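Structure file input-v2.cif with mmCIF, C-alpha atoms:
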data_structure
#
loop_
_atom_site.label_atom_id
_atom_site.label_comp_id
_atom_site.auth_asym_id
_atom_site.auth_seq_id
_atom_site.Cartn_x
_atom_site.Cartn_y
_atom_site.Cartn_z
CA MET A 2 -215.18 22.20 -44.30
CA PHE A 3 -213.09 23.30 -44.32
CA ALA A 4 -212.85 25.28 -46.88
CA ARG A 5 -215.78 23.57 -46.53
CA SER A 6 -216.43 26.62 -48.40
CA ALA A 7 -215.33 28.35 -51.57
CA LEU A 8 -215.02 32.11 -50.84
CA PRO A 9 -212.99 34.92 -47.37
CA PRO A 10 -212.87 35.01 -42.60
CA VAL A 11 -215.56 36.23 -40.63
CA ILE A 12 -222.65 33.66 -36.76
CA ALA A 13 -240.13 30.84 -28.40
CA VAL A 14 -243.53 30.03 -26.95
CA ALA A 15 -245.28 26.76 -26.44
CA ALA A 16 -244.16 23.93 -28.64
CA VAL A 17 -246.73 22.08 -30.67
CA SER A 18 -246.49 18.94 -32.78
CA ALA A 19 -243.29 17.92 -34.55
CA LEU A 20 -242.65 19.09 -38.10
CA LEU A 21 -241.28 15.73 -39.12
CA ALA A 22 -242.17 12.21 -38.10
CA GLY A 23 -239.79 11.10 -35.42
CA CYS A 24 -239.05 14.68 -34.31
CA THR A 25 -239.94 15.97 -30.86
CA SER A 26 -240.90 19.51 -29.93
CA THR A 27 -239.14 21.79 -27.53
CA LYS A 28 -240.27 24.95 -25.84
CA SER A 29 -238.35 28.09 -26.63
CA SER A 30 -238.88 31.81 -26.39
CA GLY A 31 -239.21 34.39 -29.11
CA SER A 32 -240.09 32.08 -31.99
CA GLY A 33 -242.84 34.40 -33.16
CA GLY A 34 -245.56 31.87 -32.37
CA LYS A 35 -244.09 29.13 -34.54
CA ASP A 36 -242.96 25.95 -32.86
CA ILE A 37 -239.44 24.65 -33.19
CA SER A 38 -239.04 20.88 -33.53
CA LEU A 39 -235.90 19.03 -32.46
CA VAL A 40 -234.94 15.49 -33.38
CA ASN A 41 -234.09 14.68 -29.75
CA SER A 42 -236.06 16.11 -26.86
CA GLY A 43 -234.07 18.52 -24.74
CA LYS A 44 -231.14 18.62 -27.19
CA LEU A 45 -230.05 20.68 -30.17
CA THR A 46 -228.24 18.08 -32.26
CA THR A 47 -225.43 19.41 -34.46
CA CYS A 48 -223.80 17.58 -37.36
CA THR A 49 -220.17 18.45 -38.00
CA HIS A 50 -217.06 16.84 -39.49
CA LEU A 51 -213.95 16.55 -37.35
CA PRO A 52 -211.33 17.78 -37.13
CA TYR A 53 -211.57 21.39 -38.26
CA PRO A 54 -209.87 23.53 -35.62
CA PRO A 55 -210.45 26.16 -34.42
CA PHE A 56 -214.07 25.71 -35.51
CA GLN A 57 -214.53 22.22 -34.11
CA SER A 58 -212.09 19.65 -32.77
CA LYS A 59 -211.66 17.21 -29.91
CA GLN A 60 -210.04 18.36 -26.69
CA GLY A 61 -209.82 15.27 -24.54
CA LYS A 62 -213.32 13.82 -24.60
CA LYS A 63 -214.97 17.14 -25.42
CA ILE A 64 -215.62 18.73 -28.79
CA VAL A 65 -214.75 22.41 -28.68
CA GLY A 66 -214.37 25.31 -31.08
CA PHE A 67 -215.76 28.53 -32.46
CA ASP A 68 -218.69 26.80 -34.15
CA VAL A 69 -219.41 24.84 -30.99
CA ASP A 70 -219.63 28.01 -28.92
CA MET A 71 -221.84 29.74 -31.49
CA VAL A 72 -224.32 26.86 -31.56
CA ASP A 73 -224.22 26.75 -27.75
CA LEU A 74 -225.68 30.27 -27.82
CA VAL A 75 -228.57 28.95 -29.92
CA ALA A 76 -229.06 25.96 -27.63
CA SER A 77 -229.11 28.24 -24.60
CA ALA A 78 -231.78 30.42 -26.20
CA LEU A 79 -233.85 27.28 -26.77
CA HIS A 80 -233.25 26.13 -23.17
CA VAL A 81 -231.63 22.88 -24.30
CA LYS A 82 -228.13 21.40 -24.49
CA GLN A 83 -226.12 20.96 -27.66
CA GLU A 84 -225.19 17.43 -28.72
CA ILE A 85 -222.62 17.01 -31.52
CA VAL A 86 -222.52 14.24 -34.10
CA ASP A 87 -219.34 13.68 -36.14
CA THR A 88 -220.31 12.64 -39.65
CA PRO A 89 -218.75 12.72 -43.15
CA PHE A 90 -218.90 16.14 -44.75
CA GLU A 91 -220.64 14.92 -47.89
CA GLY A 92 -223.71 13.95 -45.89
CA ILE A 93 -223.74 17.40 -44.34
CA GLN A 94 -223.45 19.51 -47.47
CA SER A 95 -225.83 17.30 -49.46
CA GLY A 96 -228.55 17.82 -46.85
CA GLU A 97 -228.89 14.08 -46.28
CA ASP A 98 -228.04 14.21 -42.57
CA LEU A 99 -230.62 16.90 -41.93
CA ASN A 100 -233.29 15.30 -44.11
CA THR A 101 -232.93 11.95 -42.33
CA ASN A 102 -233.17 13.59 -38.88
CA GLN A 103 -229.63 12.84 -37.80
CA CYS A 104 -229.37 16.41 -36.63
CA ASP A 105 -231.19 19.73 -36.30
CA VAL A 106 -228.38 21.93 -37.56
CA ALA A 107 -225.10 21.60 -39.40
CA ALA A 108 -222.19 23.73 -38.24
CA ALA A 109 -218.99 22.68 -39.95
CA GLY A 110 -217.05 25.73 -41.07
CA MET A 111 -219.30 25.52 -44.11
CA THR A 112 -219.37 28.19 -46.79
CA ILE A 113 -222.71 29.31 -48.13
CA THR A 114 -222.78 28.48 -51.86
CA ASP A 115 -225.47 28.41 -54.54
CA VAL A 116 -225.08 24.65 -54.93
CA ARG A 117 -225.44 23.98 -51.21
CA GLU A 118 -228.43 26.30 -50.95
CA LYS A 119 -230.30 23.89 -53.20
CA ASN A 120 -229.99 21.24 -50.47
CA LEU A 121 -229.92 23.29 -47.26
CA ASP A 122 -231.32 26.48 -45.75
CA PHE A 123 -228.59 28.67 -44.26
CA SER A 124 -228.65 31.15 -41.44
CA ALA A 125 -227.31 34.63 -41.90
CA PRO A 126 -223.51 34.55 -42.32
CA TYR A 127 -221.58 34.29 -39.06
CA PHE A 128 -217.97 34.19 -40.30
CA GLU A 129 -215.90 35.57 -43.18
CA ALA A 130 -213.29 33.33 -44.81
CA THR A 131 -211.07 32.98 -47.85
CA GLN A 132 -208.93 30.28 -49.39
CA ALA A 133 -205.23 30.08 -48.56
CA LEU A 134 -202.14 28.10 -49.50
CA LEU A 135 -200.18 26.04 -46.96
CA THR A 136 -196.56 25.05 -47.58
CA VAL A 137 -193.52 23.94 -45.65
CA LYS A 138 -191.68 27.11 -44.64
CA GLY A 139 -189.09 28.17 -47.19
CA LYS A 140 -190.71 26.52 -50.18
CA PRO A 141 -190.84 28.77 -53.28
CA PHE A 142 -194.60 28.55 -53.80
CA LYS A 143 -196.40 31.89 -53.56
CA SER A 144 -199.25 31.30 -55.99
CA LEU A 145 -201.15 28.48 -57.63
CA ALA A 146 -199.23 29.17 -60.82
CA ASP A 147 -196.03 28.20 -59.00
CA LEU A 148 -197.46 24.72 -58.47
CA LYS A 149 -197.52 23.69 -62.11
CA GLY A 150 -196.33 20.07 -62.21
CA LYS A 151 -196.43 19.89 -58.40
CA LYS A 152 -198.77 18.09 -55.98
CA LEU A 153 -201.48 20.20 -54.36
CA ALA A 154 -203.49 18.71 -51.47
CA VAL A 155 -207.23 19.43 -51.48
CA GLN A 156 -210.02 18.35 -49.16
CA GLN A 157 -212.79 16.37 -50.77
CA GLY A 158 -216.05 18.21 -51.37
CA THR A 159 -214.80 21.60 -50.21
CA THR A 160 -214.75 24.99 -51.83
CA GLY A 161 -210.97 24.83 -51.67
CA GLU A 162 -211.05 21.82 -53.95
CA ALA A 163 -213.43 23.63 -56.31
CA TYR A 164 -211.17 26.69 -56.37
CA ALA A 165 -208.10 24.57 -57.09
CA GLN A 166 -209.87 22.71 -59.90
CA LYS A 167 -210.61 26.03 -61.55
CA HIS A 168 -207.41 27.96 -60.87
CA ALA A 169 -204.52 25.54 -60.19
CA LYS A 170 -203.80 24.85 -63.83
CA GLY A 171 -201.10 22.24 -64.32
CA ALA A 172 -200.98 21.19 -60.67
CA LYS A 173 -201.68 17.59 -59.70
CA LEU A 174 -204.55 17.65 -57.21
CA VAL A 175 -204.32 15.05 -54.45
CA GLN A 176 -207.64 14.53 -52.65
CA PHE A 177 -207.95 13.90 -48.90
CA GLU A 178 -211.06 13.06 -46.91
CA ASP A 179 -210.41 15.41 -44.01
CA LEU A 180 -208.33 18.38 -42.95
CA ALA A 181 -205.97 16.43 -40.69
CA LEU A 182 -204.85 14.19 -43.54
CA LEU A 183 -204.33 17.21 -45.79
CA LEU A 184 -202.19 19.02 -43.20
CA THR A 185 -200.07 15.94 -42.57
CA ALA A 186 -199.50 15.48 -46.31
CA VAL A 187 -198.10 18.99 -46.62
CA LYS A 188 -195.99 18.83 -43.46
CA THR A 189 -194.42 15.48 -44.35
CA GLY A 190 -193.77 16.33 -47.99
CA GLN A 191 -196.32 13.96 -49.50
CA THR A 192 -197.59 17.02 -51.35
CA ASP A 193 -195.90 20.30 -52.18
CA ALA A 194 -198.71 22.48 -50.83
CA GLY A 195 -202.32 22.38 -49.68
CA ILE A 196 -205.33 24.63 -50.10
CA ASN A 197 -208.03 25.22 -47.51
CA ASP A 198 -209.78 27.99 -45.57
CA ASN A 199 -207.41 30.56 -44.13
CA GLY A 200 -208.82 30.31 -40.59
CA VAL A 201 -207.85 26.67 -40.14
CA LEU A 202 -204.48 27.08 -41.86
CA TYR A 203 -203.43 30.02 -39.68
CA ASP A 204 -204.49 28.03 -36.63
CA TYR A 205 -202.31 25.13 -37.81
CA VAL A 206 -199.13 27.13 -38.43
CA LYS A 207 -199.28 28.57 -34.89
CA ASP A 208 -198.39 25.12 -33.56
CA ASN A 209 -196.36 24.04 -36.58
CA PRO A 210 -193.77 26.78 -37.19
CA ASP A 211 -192.08 24.73 -39.90
CA THR A 212 -195.12 25.46 -42.08
CA ALA A 213 -196.45 28.73 -43.44
CA VAL A 214 -199.46 30.30 -45.09
CA ALA A 215 -197.81 31.29 -48.36
CA ALA A 216 -200.74 33.04 -50.03
CA GLU A 217 -204.40 33.96 -49.66
CA PHE A 218 -206.96 34.13 -52.45
CA ASP A 219 -209.82 36.62 -52.36
CA THR A 220 -212.74 34.22 -52.59
CA GLY A 221 -215.20 36.18 -50.46
CA GLU A 222 -216.64 33.24 -48.56
CA GLN A 223 -219.09 33.34 -45.68
CA TYR A 224 -219.95 30.52 -43.29
CA GLY A 225 -223.54 29.72 -42.37
CA ILE A 226 -225.30 27.39 -39.97
CA ALA A 227 -227.54 25.09 -41.99
CA VAL A 228 -230.96 23.63 -41.27
CA ARG A 229 -233.22 21.31 -43.22
CA THR A 230 -234.85 23.01 -46.20
CA GLY A 231 -238.09 24.62 -45.06
CA ASN A 232 -237.23 24.66 -41.35
CA ASP A 233 -237.86 28.39 -41.14
CA ALA A 234 -238.73 28.46 -37.43
CA LEU A 235 -235.30 27.18 -36.40
CA ARG A 236 -233.47 29.20 -39.06
CA LYS A 237 -235.13 32.42 -37.88
CA LYS A 238 -234.31 31.59 -34.27
CA ILE A 239 -230.64 31.09 -35.20
CA ASN A 240 -230.63 34.43 -37.00
CA ALA A 241 -232.14 36.16 -33.98
CA VAL A 242 -229.49 34.64 -31.71
CA LEU A 243 -226.68 35.67 -34.06
CA LYS A 244 -228.05 39.21 -34.23
CA ASP A 245 -228.28 39.44 -30.44
CA ALA A 246 -224.75 38.03 -30.08
CA ARG A 247 -223.41 40.78 -32.33
CA ALA A 248 -225.26 43.41 -30.31
CA ASP A 249 -224.43 42.28 -26.77
CA GLY A 250 -220.76 41.44 -27.34
CA SER A 251 -221.12 37.67 -27.11
CA TYR A 252 -219.93 37.20 -30.68
CA ASP A 253 -216.81 39.32 -30.09
CA ARG A 254 -215.95 37.37 -26.93
CA VAL A 255 -216.26 34.01 -28.67
CA TYR A 256 -214.29 35.27 -31.68
CA LYS A 257 -211.45 36.59 -29.54
CA LYS A 258 -211.38 33.35 -27.54
CA TRP A 259 -210.63 31.30 -30.66
CA PHE A 260 -208.76 33.76 -32.91
CA GLY A 261 -206.95 35.96 -30.41
CA THR A 262 -208.27 39.24 -31.80
CA ALA A 263 -211.60 40.98 -32.14
CA PRO A 264 -213.35 40.55 -35.49
CA LYS A 265 -212.92 43.28 -38.08
CA THR A 266 -215.90 45.60 -38.01
CA ASP A 267 -216.13 45.58 -41.83
CA ALA A 268 -216.48 41.77 -41.77
CA ARG A 269 -219.89 42.04 -40.23
#
Any chance you could put this one into structure tokens?
Amino acid sequence: MFARSALPPVIAVAAVSALLAGCTSTKSSGSGGKDISLVNSGKLTTCTHLPYPPFQSKQGKKIVGFDVDMVDLVASALHVKQEIVDTPFEGIQSGEDLNTNQCDVAAAGMTITDVREKNLDFSAPYFEATQALLTVKGKPFKSLADLKGKKLAVQQGTTGEAYAQKHAKGAKLVQFEDLALLLTAVKTGQTDAGINDNGVLYDYVKDNPDTAVAAEFDTGEQYGIAVRTGNDALRKKINAVLKDARADGSYDRVYKKWFGTAPKTDAR
């Protein structure tokens, strides 16, 4: 989330019986002869944690964002519609939501980490990210060292929180459940700064010019779309869709739509 990561920015054949009790099968093309099971017939159900713009957020009654559009490509390839479930991030990264059939995939601006890979199976990386520092514009904080004795907002369960715990020596970490609460805390002066993924922080300062991204930290993070451990058929399908999107320009179009520029070629 969000940082829901901890490292830098950058995404079938006749169906047979369900892989899990309570799952239904869907027909798709190019699955290599292996069936793909979905928890709800005719839908690719996605777990995410709102808000996390520009990756996922509400726009009126719709949920939109970069992650939403990327998973829509997968849903289209499976000839189904995407349905999004907003759920706490802990249940996503722990694998609980996937294991209990609340969703087929998790797409939540989530960094691939060794710890998370024990609970989830990730697709190939689809986005490059790094941690960054948000402050009110004009504040004298340019590094984590500058925050000694100051309040630093972190988002619970994210790689940003993990990075701050390791590197923000002497700072008082103030934990928030979601990104919106963290951003408000910084903007209103409840905390002196906040740490999170650079993509969401740069998106925030565009509409909040009284804030600034004061620093970035080279954490080398990559986002992945997660599936239940062992769900290789769906994971391989996602990878095939991501590969095709890179090749046919779909990825670049979606990226430019949400970030205003084409992705860096070395981030692929």
Reference answer for the PyMOL selection byres ((chain A and resi 212) around 10), as a CSV table (one decimal) with C-alpha atoms, in the frame of the given file:
chain,number,residue,atom,x,y,z
A,135,LEU,CA,-200.2,26.0,-47.0
A,136,THR,CA,-196.6,25.0,-47.6
A,137,VAL,CA,-193.5,23.9,-45.6
A,138,LYS,CA,-191.7,27.1,-44.6
A,139,GLY,CA,-189.1,28.2,-47.2
A,140,LYS,CA,-190.7,26.5,-50.2
A,184,LEU,CA,-202.2,19.0,-43.2
A,187,VAL,CA,-198.1,19.0,-46.6
A,188,LYS,CA,-196.0,18.8,-43.5
A,194,ALA,CA,-198.7,22.5,-50.8
A,202,LEU,CA,-204.5,27.1,-41.9
A,203,TYR,CA,-203.4,30.0,-39.7
A,205,TYR,CA,-202.3,25.1,-37.8
A,206,VAL,CA,-199.1,27.1,-38.4
A,207,LYS,CA,-199.3,28.6,-34.9
A,208,ASP,CA,-198.4,25.1,-33.6
A,209,ASN,CA,-196.4,24.0,-36.6
A,210,PRO,CA,-193.8,26.8,-37.2
A,211,ASP,CA,-192.1,24.7,-39.9
A,213,ALA,CA,-196.4,28.7,-43.4
A,214,VAL,CA,-199.5,30.3,-45.1
A,215,ALA,CA,-197.8,31.3,-48.4
Report the residues retrieved by the PyMOL selection byres ((chain A and resi 225) around 12) from the displayed file, expressed as a PyMOL selection string. chain A and resi 2+5-6+10-12+68+71-72+94+106-114+117-118+121-130+222-224+226-228+236+239-240+243
Starting from the shown file, work through the PyMOL selection byres ((chain A and resi 177-182) around 9) and note down what comes out as a list in words. Met2, Phe3, His50, Leu51, Pro52, Tyr53, Pro89, Phe90, Ala154, Val155, Gln156, Gln157, Gly158, Val175, Gln176, Leu183, Leu184, Thr185, Ala186, Val187, Asn197 and Val201 of chain A
With C-alpha atoms retained, export the selected residues as a compact mmCIF listing (two decimals), in the frame of the given file.
# COMPACT_ATOMS: atom_id res chain seq x y z
CA MET A 2 -215.18 22.20 -44.30
CA PHE A 3 -213.09 23.30 -44.32
CA HIS A 50 -217.06 16.84 -39.49
CA LEU A 51 -213.95 16.55 -37.35
CA PRO A 52 -211.33 17.78 -37.13
CA TYR A 53 -211.57 21.39 -38.26
CA PRO A 89 -218.75 12.72 -43.15
CA PHE A 90 -218.90 16.14 -44.75
CA ALA A 154 -203.49 18.71 -51.47
CA VAL A 155 -207.23 19.43 -51.48
CA GLN A 156 -210.02 18.35 -49.16
CA GLN A 157 -212.79 16.37 -50.77
CA GLY A 158 -216.05 18.21 -51.37
CA VAL A 175 -204.32 15.05 -54.45
CA GLN A 176 -207.64 14.53 -52.65
CA LEU A 183 -204.33 17.21 -45.79
CA LEU A 184 -202.19 19.02 -43.20
CA THR A 185 -200.07 15.94 -42.57
CA ALA A 186 -199.50 15.48 -46.31
CA VAL A 187 -198.10 18.99 -46.62
CA ASN A 197 -208.03 25.22 -47.51
CA VAL A 201 -207.85 26.67 -40.14
Distance criterion (only C-alpha atoms): nearest to Ala163 (chain A) out of A:Thr220, A:Ser38, A:Gly43, A:Pro55: A:Thr220
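Closest approach to Leu134 (chain A) among A:Ala78, A:Leu148, A:Ala246, A:Val65 is made by A:Leu148 (distances from all atoms listed in the file).
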